Each structure stands twice: as C-alpha cells, then as structure tokens.
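One file, upload.cif, is given below (mmCIF, C-alpha atoms).
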data_work
loop_
_atom_site.label_atom_id
_atom_site.label_comp_id
_atom_site.auth_asym_id
_atom_site.auth_seq_id
_atom_site.Cartn_x
_atom_site.Cartn_y
_atom_site.Cartn_z
CA MET Q 1 10.37 5.02 -8.67
CA ALA Q 2 7.03 5.32 -10.45
CA ALA Q 3 6.74 8.29 -12.73
CA THR Q 4 4.49 11.13 -11.64
CA ASN Q 5 1.95 12.76 -13.90
CA PRO Q 6 2.49 16.54 -14.19
CA GLU Q 7 -1.23 16.98 -14.85
CA ARG Q 8 -2.04 15.91 -11.29
CA ALA Q 9 -1.25 19.38 -10.02
CA ASN Q 10 -4.13 20.76 -12.09
CA GLN Q 11 -6.63 17.96 -11.61
CA PRO Q 12 -10.22 18.93 -12.56
CA ALA Q 13 -11.86 17.42 -9.47
CA ASP Q 14 -14.69 18.41 -7.15
CA ARG Q 15 -13.47 16.04 -4.44
CA PRO Q 16 -10.05 15.14 -2.94
CA SER Q 17 -8.04 12.49 -4.75
CA ALA Q 18 -6.62 9.31 -3.26
CA ASP Q 19 -3.19 10.92 -3.12
CA GLN Q 20 -4.58 13.25 -0.43
CA THR Q 21 -6.67 10.75 1.51
CA GLY Q 22 -5.21 7.26 1.13
CA LEU Q 23 -8.29 5.44 -0.20
CA ASP Q 24 -8.54 5.08 -3.97
CA ILE Q 25 -12.15 5.08 -5.22
CA GLY Q 26 -12.73 3.92 -8.77
CA LEU Q 27 -15.45 2.90 -11.20
CA MET Q 28 -15.42 -0.25 -13.33
CA PHE Q 29 -16.94 0.01 -16.82
CA SER Q 30 -17.60 -2.96 -19.12
CA PHE Q 31 -19.08 -1.24 -22.20
CA ARG Q 32 -21.84 -3.87 -22.33
CA ASN Q 33 -25.01 -3.56 -24.38
CA PRO Q 34 -27.57 -6.23 -23.34
CA ALA Q 35 -30.29 -7.15 -25.82
CA GLN Q 36 -33.16 -5.98 -23.59
CA TRP Q 37 -31.71 -2.46 -23.47
CA ARG Q 38 -29.89 -2.55 -26.82
CA ARG Q 39 -28.66 0.69 -28.38
CA PRO Q 40 -26.15 1.24 -31.19
CA PHE Q 41 -22.73 0.21 -29.90
CA ALA Q 42 -21.17 3.47 -31.08
CA GLU Q 43 -23.66 5.31 -28.86
CA VAL Q 44 -22.87 3.07 -25.89
CA TYR Q 45 -19.12 3.64 -26.22
CA ALA Q 46 -19.50 7.39 -26.68
CA GLU Q 47 -21.74 7.69 -23.62
CA GLU Q 48 -19.45 5.55 -21.43
CA LEU Q 49 -16.51 7.78 -22.38
CA ARG Q 50 -18.59 10.82 -21.40
CA LEU Q 51 -19.37 9.19 -18.06
CA ILE Q 52 -15.65 8.55 -17.55
CA ARG Q 53 -14.84 12.20 -18.18
CA ASP Q 54 -17.55 13.10 -15.64
CA ALA Q 55 -15.99 10.64 -13.19
CA GLU Q 56 -12.67 12.44 -13.41
CA ARG Q 57 -14.39 15.77 -12.79
CA LEU Q 58 -16.17 14.31 -9.75
CA GLY Q 59 -12.87 13.20 -8.21
CA TYR Q 60 -12.87 9.45 -8.80
CA ASP Q 61 -9.34 8.12 -8.78
CA THR Q 62 -9.28 5.11 -11.13
CA ILE Q 63 -11.25 3.81 -14.09
CA TRP Q 64 -11.18 0.02 -14.14
CA LEU Q 65 -11.83 -1.99 -17.29
CA THR Q 66 -12.80 -5.64 -17.57
CA GLU Q 67 -12.37 -8.09 -20.45
CA HIS Q 68 -14.44 -10.93 -21.89
CA HIS Q 69 -15.00 -12.32 -25.38
CA PHE Q 70 -17.80 -13.52 -27.66
CA ALA Q 71 -20.48 -12.29 -25.23
CA ASP Q 72 -23.95 -11.54 -26.57
CA ASP Q 73 -23.95 -8.17 -24.80
CA GLY Q 74 -20.58 -7.13 -26.28
CA TYR Q 75 -18.72 -7.32 -22.96
CA SER Q 76 -15.60 -5.22 -23.65
CA PRO Q 77 -13.31 -7.49 -25.70
CA SER Q 78 -10.49 -5.01 -26.34
CA VAL Q 79 -9.47 -3.31 -23.10
CA VAL Q 80 -6.16 -1.89 -24.32
CA THR Q 81 -7.96 -0.07 -27.14
CA ILE Q 82 -10.57 1.26 -24.72
CA ALA Q 83 -7.87 2.29 -22.25
CA ALA Q 84 -6.09 4.27 -24.96
CA ALA Q 85 -9.33 6.11 -25.74
CA ILE Q 86 -9.76 6.93 -22.05
CA ALA Q 87 -6.17 8.11 -21.76
CA ALA Q 88 -6.75 10.48 -24.67
CA VAL Q 89 -9.77 12.19 -23.06
CA THR Q 90 -8.62 12.33 -19.42
CA GLU Q 91 -5.74 13.95 -17.58
CA ARG Q 92 -5.61 12.62 -14.02
CA VAL Q 93 -7.47 9.34 -13.43
CA ARG Q 94 -5.53 6.13 -13.42
CA ILE Q 95 -6.67 3.41 -15.81
CA GLY Q 96 -6.61 -0.19 -14.65
CA PHE Q 97 -7.50 -3.64 -15.95
CA ASN Q 98 -9.73 -5.76 -13.73
CA LEU Q 99 -8.72 -7.80 -15.50
CA LEU Q 100 -6.92 -8.70 -18.77
CA LEU Q 101 -7.13 -12.43 -19.61
CA LEU Q 102 -3.45 -13.05 -20.19
CA PRO Q 103 -3.58 -16.70 -21.43
CA LEU Q 104 -5.70 -15.62 -24.41
CA HIS Q 105 -3.05 -13.19 -25.65
CA ASN Q 106 0.54 -13.21 -26.84
CA ALA Q 107 2.41 -11.74 -23.87
CA ILE Q 108 4.98 -10.05 -26.11
CA ARG Q 109 2.21 -8.17 -27.90
CA VAL Q 110 0.62 -7.29 -24.56
CA ALA Q 111 3.96 -6.01 -23.25
CA GLU Q 112 4.37 -3.70 -26.25
CA ASP Q 113 0.76 -2.50 -26.25
CA VAL Q 114 0.70 -1.77 -22.52
CA ALA Q 115 4.09 -0.03 -22.61
CA THR Q 116 2.82 2.22 -25.39
CA LEU Q 117 -0.39 2.80 -23.45
CA ASP Q 118 1.65 3.82 -20.41
CA VAL Q 119 3.53 6.31 -22.57
CA ILE Q 120 0.30 7.74 -24.03
CA SER Q 121 -1.19 8.14 -20.55
CA ASN Q 122 2.08 9.43 -19.04
CA GLY Q 123 2.29 6.67 -16.46
CA ARG Q 124 -1.34 6.14 -15.42
CA ILE Q 125 -1.79 2.41 -16.11
CA ASP Q 126 -2.43 -0.42 -13.62
CA VAL Q 127 -2.07 -3.86 -15.20
CA GLY Q 128 -4.51 -6.35 -13.70
CA LEU Q 129 -4.15 -9.91 -14.99
CA GLY Q 130 -6.05 -13.16 -14.64
CA GLN Q 131 -6.19 -16.70 -16.03
CA GLY Q 132 -9.79 -16.68 -17.27
CA TYR Q 133 -12.23 -19.55 -16.93
CA ALA Q 134 -14.98 -19.29 -19.56
CA THR Q 135 -14.86 -22.30 -21.86
CA HIS Q 136 -16.27 -20.49 -24.88
CA GLU Q 137 -13.45 -17.93 -24.77
CA PHE Q 138 -10.69 -20.52 -24.90
CA ASN Q 139 -12.56 -22.39 -27.64
CA GLY Q 140 -12.98 -19.20 -29.63
CA TYR Q 141 -9.27 -18.44 -29.42
CA GLY Q 142 -8.31 -22.02 -30.21
CA ILE Q 143 -6.42 -22.41 -26.94
CA ASP Q 144 -6.58 -25.46 -24.70
CA ARG Q 145 -8.15 -24.34 -21.45
CA ALA Q 146 -5.91 -26.82 -19.63
CA GLU Q 147 -2.92 -24.66 -20.61
CA ARG Q 148 -4.22 -21.50 -18.97
CA LEU Q 149 -2.03 -21.70 -15.85
CA GLY Q 150 1.17 -22.36 -17.82
CA ARG Q 151 0.38 -19.58 -20.29
CA PHE Q 152 -0.41 -17.22 -17.42
CA VAL Q 153 2.76 -17.89 -15.42
CA GLU Q 154 5.06 -17.70 -18.45
CA GLY Q 155 3.21 -14.67 -19.77
CA LEU Q 156 3.73 -12.86 -16.48
CA ASP Q 157 7.47 -13.63 -16.62
CA VAL Q 158 7.61 -12.26 -20.18
CA LEU Q 159 5.77 -9.05 -19.31
CA ARG Q 160 7.99 -8.25 -16.38
CA GLY Q 161 11.14 -9.13 -18.31
CA LEU Q 162 10.31 -6.97 -21.31
CA TRP Q 163 9.12 -4.02 -19.20
CA THR Q 164 12.59 -3.61 -17.70
CA GLY Q 165 13.72 -1.99 -20.94
CA GLU Q 166 16.77 -4.26 -21.02
CA SER Q 167 17.56 -7.01 -23.51
CA PHE Q 168 15.48 -10.02 -22.48
CA SER Q 169 15.67 -13.74 -23.27
CA TYR Q 170 13.35 -16.48 -22.12
CA ALA Q 171 12.99 -20.22 -22.73
CA GLY Q 172 9.70 -21.84 -21.76
CA ARG Q 173 7.02 -24.11 -23.11
CA HIS Q 174 4.93 -21.31 -24.59
CA TYR Q 175 7.55 -18.58 -25.17
CA ASP Q 176 11.04 -18.77 -26.64
CA ILE Q 177 12.57 -15.29 -26.77
CA GLU Q 178 16.11 -14.29 -27.66
CA ASN Q 179 17.51 -10.83 -26.94
CA ALA Q 180 14.27 -8.87 -27.31
CA ARG Q 181 14.30 -5.25 -26.17
CA LEU Q 182 11.13 -3.24 -25.86
CA VAL Q 183 11.30 0.36 -27.12
CA PRO Q 184 9.74 2.57 -25.88
CA PRO Q 185 9.61 1.12 -22.39
CA PRO Q 186 6.81 2.05 -20.00
CA VAL Q 187 6.94 5.37 -18.18
CA GLN Q 188 6.43 3.65 -14.83
CA GLU Q 189 9.29 1.62 -13.36
CA PRO Q 190 8.24 -0.89 -12.30
CA MET Q 191 4.86 -1.29 -13.94
CA PRO Q 192 2.15 -1.85 -11.29
CA VAL Q 193 0.97 -5.45 -11.68
CA TRP Q 194 -2.21 -6.80 -10.09
CA ILE Q 195 -3.49 -10.37 -10.12
CA GLY Q 196 -7.09 -11.43 -9.78
CA ALA Q 197 -8.00 -14.93 -8.61
CA THR Q 198 -10.83 -16.73 -6.80
CA SER Q 199 -8.91 -19.81 -5.65
CA GLU Q 200 -6.44 -20.21 -2.80
CA SER Q 201 -3.67 -21.25 -5.19
CA GLY Q 202 -4.25 -18.24 -7.43
CA VAL Q 203 -4.33 -15.78 -4.57
CA ARG Q 204 -1.24 -17.38 -3.03
CA ARG Q 205 0.55 -17.00 -6.36
CA ALA Q 206 -0.30 -13.29 -6.42
CA GLY Q 207 1.13 -12.82 -2.95
CA ARG Q 208 4.33 -14.78 -3.55
CA ARG Q 209 5.01 -12.92 -6.78
CA GLY Q 210 4.60 -9.56 -5.12
CA ALA Q 211 1.60 -8.51 -7.19
CA ASN Q 212 -1.21 -6.33 -5.90
CA LEU Q 213 -4.54 -8.13 -5.39
CA LEU Q 214 -7.81 -7.72 -7.27
CA GLY Q 215 -10.16 -8.94 -4.57
CA LEU Q 216 -13.82 -9.85 -4.14
CA THR Q 217 -14.23 -8.98 -0.43
CA SER Q 218 -13.28 -12.46 0.80
CA THR Q 219 -11.68 -12.34 4.24
CA HIS Q 220 -10.36 -15.91 3.81
CA LEU Q 221 -8.62 -15.22 0.50
CA GLN Q 222 -7.26 -11.97 1.91
CA ARG Q 223 -5.56 -13.93 4.70
CA VAL Q 224 -4.15 -16.42 2.19
CA TYR Q 225 -2.73 -13.53 0.15
CA GLU Q 226 -1.15 -11.84 3.16
CA ASP Q 227 0.36 -15.06 4.47
CA ALA Q 228 1.89 -15.73 1.05
CA ARG Q 229 3.55 -12.32 1.01
CA ARG Q 230 4.96 -12.86 4.49
CA GLU Q 231 6.33 -16.27 3.50
CA VAL Q 232 8.60 -14.67 0.90
CA GLY Q 233 9.53 -11.66 3.03
CA LEU Q 234 7.24 -9.12 1.38
CA SER Q 235 5.46 -6.40 3.31
CA VAL Q 236 1.71 -6.73 3.66
CA GLU Q 237 1.36 -3.00 4.25
CA ALA Q 238 3.03 -2.21 0.92
CA ALA Q 239 0.47 -4.23 -1.06
CA LYS Q 240 -2.46 -2.59 -2.76
CA VAL Q 241 -5.77 -4.45 -2.55
CA LEU Q 242 -8.84 -3.66 -4.64
CA GLN Q 243 -12.22 -4.84 -3.39
CA LEU Q 244 -14.94 -4.86 -6.07
CA HIS Q 245 -18.51 -3.94 -5.13
CA TRP Q 246 -21.52 -3.80 -7.46
CA THR Q 247 -22.99 -0.52 -6.28
CA HIS Q 248 -25.85 1.80 -7.13
CA VAL Q 249 -26.99 4.92 -5.24
CA ALA Q 250 -30.39 6.60 -5.54
CA PRO Q 251 -32.41 9.03 -3.39
CA SER Q 252 -34.05 6.07 -1.61
CA THR Q 253 -33.11 2.43 -1.12
CA ASP Q 254 -36.35 1.24 -2.73
CA GLN Q 255 -35.62 3.33 -5.82
CA ALA Q 256 -32.02 2.06 -5.97
CA TRP Q 257 -33.20 -1.56 -6.00
CA GLU Q 258 -35.94 -0.87 -8.52
CA GLU Q 259 -33.42 0.73 -10.90
CA ALA Q 260 -30.56 -1.73 -10.36
CA ALA Q 261 -32.16 -5.15 -9.91
CA PRO Q 262 -32.91 -5.99 -13.59
CA HIS Q 263 -29.40 -5.01 -14.65
CA PHE Q 264 -27.81 -6.88 -11.76
CA HIS Q 265 -29.88 -9.94 -12.67
CA HIS Q 266 -28.51 -9.81 -16.22
CA LEU Q 267 -24.96 -9.59 -14.89
CA LEU Q 268 -25.42 -12.54 -12.52
CA SER Q 269 -27.11 -14.66 -15.19
CA VAL Q 270 -24.24 -14.25 -17.64
CA TYR Q 271 -21.56 -15.02 -15.04
CA ALA Q 272 -23.52 -18.04 -13.80
CA GLN Q 273 -23.83 -19.43 -17.32
CA TRP Q 274 -20.09 -19.12 -17.92
CA ALA Q 275 -19.24 -20.62 -14.54
CA ASN Q 276 -21.53 -23.60 -15.12
CA GLU Q 277 -20.20 -24.17 -18.64
CA SER Q 278 -16.62 -24.15 -17.35
CA GLY Q 279 -17.19 -27.57 -15.81
CA ASP Q 280 -15.91 -26.55 -12.37
CA ALA Q 281 -19.24 -27.53 -10.84
CA ASP Q 282 -18.75 -31.04 -12.21
CA LYS Q 283 -15.68 -31.39 -9.97
CA GLY Q 284 -17.75 -31.30 -6.81
CA GLY Q 285 -18.97 -27.72 -6.64
CA PRO Q 286 -22.67 -26.86 -6.88
CA LYS Q 287 -24.24 -25.42 -10.00
CA THR Q 288 -24.69 -21.66 -9.81
CA LEU Q 289 -28.38 -20.75 -9.77
CA ILE Q 290 -29.73 -17.21 -10.02
CA PRO Q 291 -33.05 -16.26 -8.36
CA ALA Q 292 -35.73 -14.20 -10.06
CA VAL Q 293 -35.32 -10.43 -10.22
CA ASP Q 294 -37.83 -9.77 -7.47
CA GLU Q 295 -36.04 -12.21 -5.15
CA LEU Q 296 -32.56 -10.66 -5.39
CA ARG Q 297 -33.18 -8.27 -2.51
CA ASP Q 298 -33.86 -11.07 -0.05
CA PRO Q 299 -30.98 -10.79 2.48
CA ALA Q 300 -31.08 -14.56 3.01
CA ARG Q 301 -30.10 -15.18 -0.61
CA ARG Q 302 -26.48 -16.16 -1.15
CA LEU Q 303 -25.48 -14.65 -4.49
CA MET Q 304 -22.26 -14.75 -6.50
CA PHE Q 305 -21.79 -11.10 -5.52
CA GLN Q 306 -23.52 -9.28 -2.68
CA PRO Q 307 -24.55 -5.89 -4.09
CA VAL Q 308 -24.54 -2.57 -2.27
CA PHE Q 309 -27.67 -0.77 -3.47
CA GLY Q 310 -29.44 1.99 -1.58
CA ASP Q 311 -29.51 5.59 -0.53
CA ALA Q 312 -26.24 7.29 0.37
CA GLY Q 313 -26.38 6.26 4.02
CA THR Q 314 -27.12 2.63 3.24
CA VAL Q 315 -24.33 2.37 0.68
CA SER Q 316 -21.85 4.12 2.96
CA ALA Q 317 -22.67 1.78 5.84
CA GLY Q 318 -22.37 -1.29 3.61
CA LEU Q 319 -18.98 -0.31 2.23
CA ARG Q 320 -17.60 0.74 5.61
CA ALA Q 321 -18.67 -2.61 7.07
CA SER Q 322 -16.82 -4.42 4.30
CA MET Q 323 -13.71 -2.28 4.72
CA ALA Q 324 -13.71 -3.07 8.44
CA LYS Q 325 -13.52 -6.81 7.66
CA VAL Q 326 -11.10 -6.98 4.73
CA ARG Q 327 -8.07 -4.85 3.89
CA THR Q 328 -9.00 -2.29 1.24
CA THR Q 329 -6.72 0.29 -0.34
CA HIS Q 330 -8.85 0.58 -3.48
CA VAL Q 331 -12.63 0.44 -3.76
CA GLY Q 332 -13.95 -0.56 -7.19
CA LEU Q 333 -17.57 0.29 -7.94
CA GLY Q 334 -19.02 -1.84 -10.70
CA VAL Q 335 -21.23 0.03 -13.18
CA LEU Q 336 -24.21 -2.15 -14.07
CA PRO Q 337 -24.70 -3.19 -17.72
CA GLY Q 338 -27.47 -1.66 -19.80
CA MET Q 339 -28.46 1.02 -17.31
CA ASP Q 340 -29.59 4.40 -18.62
CA PRO Q 341 -26.58 6.77 -18.68
CA ALA Q 342 -28.53 9.51 -16.86
CA THR Q 343 -29.27 7.07 -14.02
CA ILE Q 344 -25.61 6.05 -13.83
CA ARG Q 345 -24.52 9.68 -13.80
CA ARG Q 346 -26.86 10.52 -10.92
CA SER Q 347 -25.55 7.54 -8.93
CA MET Q 348 -21.96 8.67 -9.61
CA GLU Q 349 -22.77 12.17 -8.37
CA LEU Q 350 -24.55 10.98 -5.23
CA PHE Q 351 -21.66 8.67 -4.41
CA ALA Q 352 -19.01 11.34 -5.02
CA HIS Q 353 -20.74 13.99 -2.92
CA GLU Q 354 -22.44 11.96 -0.18
CA VAL Q 355 -20.69 8.57 0.13
CA ALA Q 356 -17.03 9.11 -0.78
CA PRO Q 357 -16.41 11.69 2.02
CA THR Q 358 -17.64 9.20 4.63
CA LEU Q 359 -15.23 6.55 3.35
CA ARG Q 360 -12.26 8.86 3.08
CA GLY Q 361 -12.95 10.96 6.12
#
Please express what this file holds, its structure, as structure tokens.
Amino acid sequence: MAATNPERANQPADRPSADQTGLDIGLMFSFRNPAQWRRPFAEVYAEELRLIRDAERLGYDTIWLTEHHFADDGYSPSVVTIAAAIAAVTERVRIGFNLLLLPLHNAIRVAEDVATLDVISNGRIDVGLGQGYATHEFNGYGIDRAERLGRFVEGLDVLRGLWTGESFSYAGRHYDIENARLVPPPVQEPMPVWIGATSESGVRRAGRRGANLLGLTSTHLQRVYEDARREVGLSVEAAKVLQLHWTHVAPSTDQAWEEAAPHFHHLLSVYAQWANESGDADKGGPKTLIPAVDELRDPARRLMFQPVFGDAGTVSAGLRASMAKVRTTHVGLGVLPGMDPATIRRSMELFAHEVAPTLRG
C-alpha cells in the first residue's frame, strides 16, 4: 500500500484536490531561460519555486519536471535536485518526472537518489522514465545512442529490484549487481512508475510492464497501451494516464495567443531541431518544420503539439474535448519557457478558479 502523507489533512489549497474529485491537475516546469528573455539563472530558479508554492496554494495536485541536457536555454538538467528543492518548500503536492532520461544515468544511483527523495517528501514522488532521443545528449554523456533501449530496460529492472528494500542481484549487459540492498528504501511501496514513449513499441512496453503512461493525447497510442495491459491480464481502469497540454489562459483568447505564441515558438523550434538531428527523419519520416510565430494560430497547421491557449471558456472546452477522446486521469499543463512570472501566475490563477472546476465538476 502506498504511504499517505499526514500533511494532506491540512493542505493549504483554495480548490479541491484530486483525492476529492478524481482528476489530477498538474503543472510542468522546465526551469528554462531562453536567450531572448534571459535573466540570471538564480533568479529564474527562485521565481519558479515561488510559482510552485503558489500552485500548491491554488490547489494544483502535481508538479511535473522534465529533463534535458546541454540545451542553450538551460532546460532543467538535474530533476532530482530540483525535486528535492520542491519537496522542501511544499507540503501536499506530488512531484513527478515527465520524464527522467534513464539511459543517460546509472540506474543504481537513480534508485538511491529517488528513494531518498521519496523519504524527504514523505512519499510524494512519481517516477516518470523515458529512453531519450536527442543525439547531442548521448554524445555529451559518451553513451552510444543505439544502446538506449537496452540501458532503459535493464535500468527499469534495477530500479524496481532495488526499491523492494530486499537484497537484490542482477546480471545483464549493462548492470552486474550482487546482493545490493538499498537503505533507506522509498516510503511508497511500490514506487509509482510511469513510462513516456511516442512509438507503438514503447507504449506497448509501458502497458505490458504495468507502468502508468505519460501521454501526448494520442488516441491511437492510448489504444495500443490499453491493449498491451489487457494482453498480460492487467486492468486498464487501474492505470493512471497523464495527458500533456501546452496551455495558457488570459482574459481574452487574442491576449492569450499574443502572450504565449513567441514562447511556444521557441519551445517548438528546440524540439524540432533535436528531432531532426536524431536522424529519425532519415528513416522515412518527414523533417519537422516550424511555421513563423504569426502563423502558429492557424487551425490548419499541424504542429508537434496542439496548444490550448485562450480565455477560460476556450481552454476549458479544448481540454474537455481532449478528455472525451482519450483516457485522462492526470492533466499536465506545460508552463511555457521564458514567460514573465507575473503572466504565468495570472494564467495559473485563472485556470485554478475558472477552468479546473469545469474539468473536475
């Protein structure tokens, strides 16, 4: 049974939590600092932590973190460290990884760090894992990108084995462990494990291994995931599924787009560059092209991610339409990089007071 947090009884929230309503609503922060809006990194980190404390007060349920490396905008490279800082300044919100790039790390070290993090937070951690794809990250770590699947699968075995708290041995290509016992073990038993993937094989692996799913609102991949769970006798209803949406709320839809579009364009441009450099397009897929900022709002444009920007009614309708198409137990709202903290805070408040009740109600 997962441990409960005694602080939940005294949660400092203005809105109901997911425990009362069923739908978990979270925010995803990346601690990025793009050149065109550059501020001192210490200021960026301090302000994001203040926003996270505000999010807890407003009743958000989970703070999601996301990992990348060697990015010009400083895309959060050390999510366990950031998660520990969040755990120290919050009492109720859960803290999740969406996601940690497991093949780039020693899984034994990750197991120890995350177990300690779960102790510090008193059982508030959700461990989201992925294989990664960006060529420059594997090059920077000196790891053959072709080994990412093997490192991921073995790493997942190692994490789950060590988190049992029992003596654990393992013999694989990448890990050779003899009678290792992790002390202290995590508070939660078992640790909640999520897997993020964008391919059928990756999503099927998540389902067959009984992991929760970090999704991107794809109805096709959702079906693949559910079928995989059924194939191994696992309940679909028991699975948790996060759907990520890049979202911004303002008093009017025109204002929301004006505020969000430049930051969303930066986000898309970086992801497109990494995807194109990965070489996947050379295997038959098209190159990812990003339109100009003033063309992003065109509904005919097919983008890597379809954003949900607008006034409260527009955002509510967009998210409810998505939830009607694809199973959603957790909604993740991506915070756009480089945006003024006051603008983010206003969007958080509008969402908490005017959008969240329509999704939970």
Subject >> Who sits within 10 Å of Q:Asn98, only C-alpha atoms, same chain under 2 positions skipped, as a ChimeraX atom specification >> reply: /Q:28-30,63-67,79,95-96,100-101,126-130,194-196,214-215,242,244,332
Subject >> Contact residues around Q:Ile52 with all atoms listed in the file at 12 Å, ignoring same-chain residues under 5 positions, as a ChimeraX atom specification >> reply: /Q:26-31,45-47,57-65,82-83,85-95,335,341,344-345,348
Subject >> For Q:Val293: contacts at 9 Å, all atoms listed in the file, fewer than 5 positions along chain excluded, given as number ranges by chain >> reply: Q: 261-262, 264-265
Around (-30.4, -1.7, -24.2), as given in the file, which residues come within 9 Å? Count all atoms listed in the file and list them as a tab-separated table (two decimals) with C-alpha atoms, keeping the file's coordinate frame.
chain	number	residue	atom	x	y	z
Q	33	ASN	CA	-25.01	-3.56	-24.38
Q	34	PRO	CA	-27.57	-6.23	-23.34
Q	35	ALA	CA	-30.29	-7.15	-25.82
Q	36	GLN	CA	-33.16	-5.98	-23.59
Q	37	TRP	CA	-31.71	-2.46	-23.47
Q	38	ARG	CA	-29.89	-2.55	-26.82
Q	39	ARG	CA	-28.66	0.69	-28.38
Q	40	PRO	CA	-26.15	1.24	-31.19
Q	337	PRO	CA	-24.70	-3.19	-17.72
Q	338	GLY	CA	-27.47	-1.66	-19.80
Q	339	MET	CA	-28.46	1.02	-17.31
Q	340	ASP	CA	-29.59	4.40	-18.62
Original post:
What does the PyMOL selection byres ((chain Q and resi 161) around 12) select in this file, as a count of residues only?
Top reply: 30
Subject >> Residue among Q:Pro103, Q:Gly142, Q:Pro186, Q:Gly74 lying closest to Q:Leu117, counting only C-alpha atoms >> reply: Q:Pro186
Give the padded box for stretch 291-306 of chain Q as lines of an AutoDock Vina configuration file: axis-aligned, covering all atoms listed in the file, 4 Å on each side, centre and edge lengths in Å to one decimal.
center_x = -29.8
center_y = -12.3
center_z = -3.6
size_x = 24.0
size_y = 16.0
size_z = 21.2
Any chance you could model N, CA and C atoms for stretch 238-259 of chain Q and send them as a CSV table (one decimal), in the coordinates of the input?
chain,number,residue,atom,x,y,z
Q,238,ALA,N,2.7,-2.8,2.2
Q,238,ALA,CA,3.0,-2.2,0.9
Q,238,ALA,C,2.1,-2.6,-0.2
Q,239,ALA,N,1.3,-3.7,0.0
Q,239,ALA,CA,0.5,-4.2,-1.1
Q,239,ALA,C,-0.8,-3.4,-1.2
Q,240,LYS,N,-1.2,-3.2,-2.5
Q,240,LYS,CA,-2.5,-2.6,-2.8
Q,240,LYS,C,-3.5,-3.7,-3.0
Q,241,VAL,N,-4.7,-3.5,-2.4
Q,241,VAL,CA,-5.8,-4.4,-2.6
Q,241,VAL,C,-7.1,-3.7,-3.0
Q,242,LEU,N,-7.6,-4.2,-4.1
Q,242,LEU,CA,-8.8,-3.7,-4.6
Q,242,LEU,C,-9.9,-4.6,-4.2
Q,243,GLN,N,-11.0,-4.1,-3.7
Q,243,GLN,CA,-12.2,-4.8,-3.4
Q,243,GLN,C,-13.3,-4.3,-4.3
Q,244,LEU,N,-13.9,-5.2,-5.1
Q,244,LEU,CA,-14.9,-4.9,-6.1
Q,244,LEU,C,-16.3,-5.0,-5.4
Q,245,HIS,N,-17.1,-4.0,-5.6
Q,245,HIS,CA,-18.5,-3.9,-5.1
Q,245,HIS,C,-19.4,-3.5,-6.3
Q,246,TRP,N,-20.5,-4.3,-6.5
Q,246,TRP,CA,-21.5,-3.8,-7.5
Q,246,TRP,C,-22.4,-2.9,-6.7
Q,247,THR,N,-22.4,-1.6,-7.1
Q,247,THR,CA,-23.0,-0.5,-6.3
Q,247,THR,C,-23.9,0.4,-7.1
Q,248,HIS,N,-25.0,0.8,-6.5
Q,248,HIS,CA,-25.8,1.8,-7.1
Q,248,HIS,C,-26.5,2.6,-6.0
Q,249,VAL,N,-26.5,4.0,-6.2
Q,249,VAL,CA,-27.0,4.9,-5.2
Q,249,VAL,C,-28.2,5.7,-5.9
Q,250,ALA,N,-29.2,5.8,-5.1
Q,250,ALA,CA,-30.4,6.6,-5.5
Q,250,ALA,C,-30.9,7.4,-4.3
Q,251,PRO,N,-31.9,8.3,-4.5
Q,251,PRO,CA,-32.4,9.0,-3.4
Q,251,PRO,C,-33.0,8.2,-2.3
Q,252,SER,N,-33.5,7.0,-2.6
Q,252,SER,CA,-34.0,6.1,-1.6
Q,252,SER,C,-33.6,4.7,-1.9
Q,253,THR,N,-33.6,3.8,-0.9
Q,253,THR,CA,-33.1,2.4,-1.1
Q,253,THR,C,-34.1,1.7,-2.0
Q,254,ASP,N,-35.4,1.9,-1.9
Q,254,ASP,CA,-36.4,1.2,-2.7
Q,254,ASP,C,-36.1,1.6,-4.2
Q,255,GLN,N,-35.9,2.9,-4.4
Q,255,GLN,CA,-35.6,3.3,-5.8
Q,255,GLN,C,-34.3,2.7,-6.4
Q,256,ALA,N,-33.3,2.6,-5.5
Q,256,ALA,CA,-32.0,2.1,-6.0
Q,256,ALA,C,-32.2,0.6,-6.4
Q,257,TRP,N,-33.0,-0.2,-5.6
Q,257,TRP,CA,-33.2,-1.6,-6.0
Q,257,TRP,C,-34.1,-1.7,-7.2
Q,258,GLU,N,-35.1,-0.8,-7.3
Q,258,GLU,CA,-35.9,-0.9,-8.5
Q,258,GLU,C,-35.1,-0.6,-9.8
Q,259,GLU,N,-34.2,0.4,-9.7
Q,259,GLU,CA,-33.4,0.7,-10.9
Q,259,GLU,C,-32.4,-0.3,-11.2
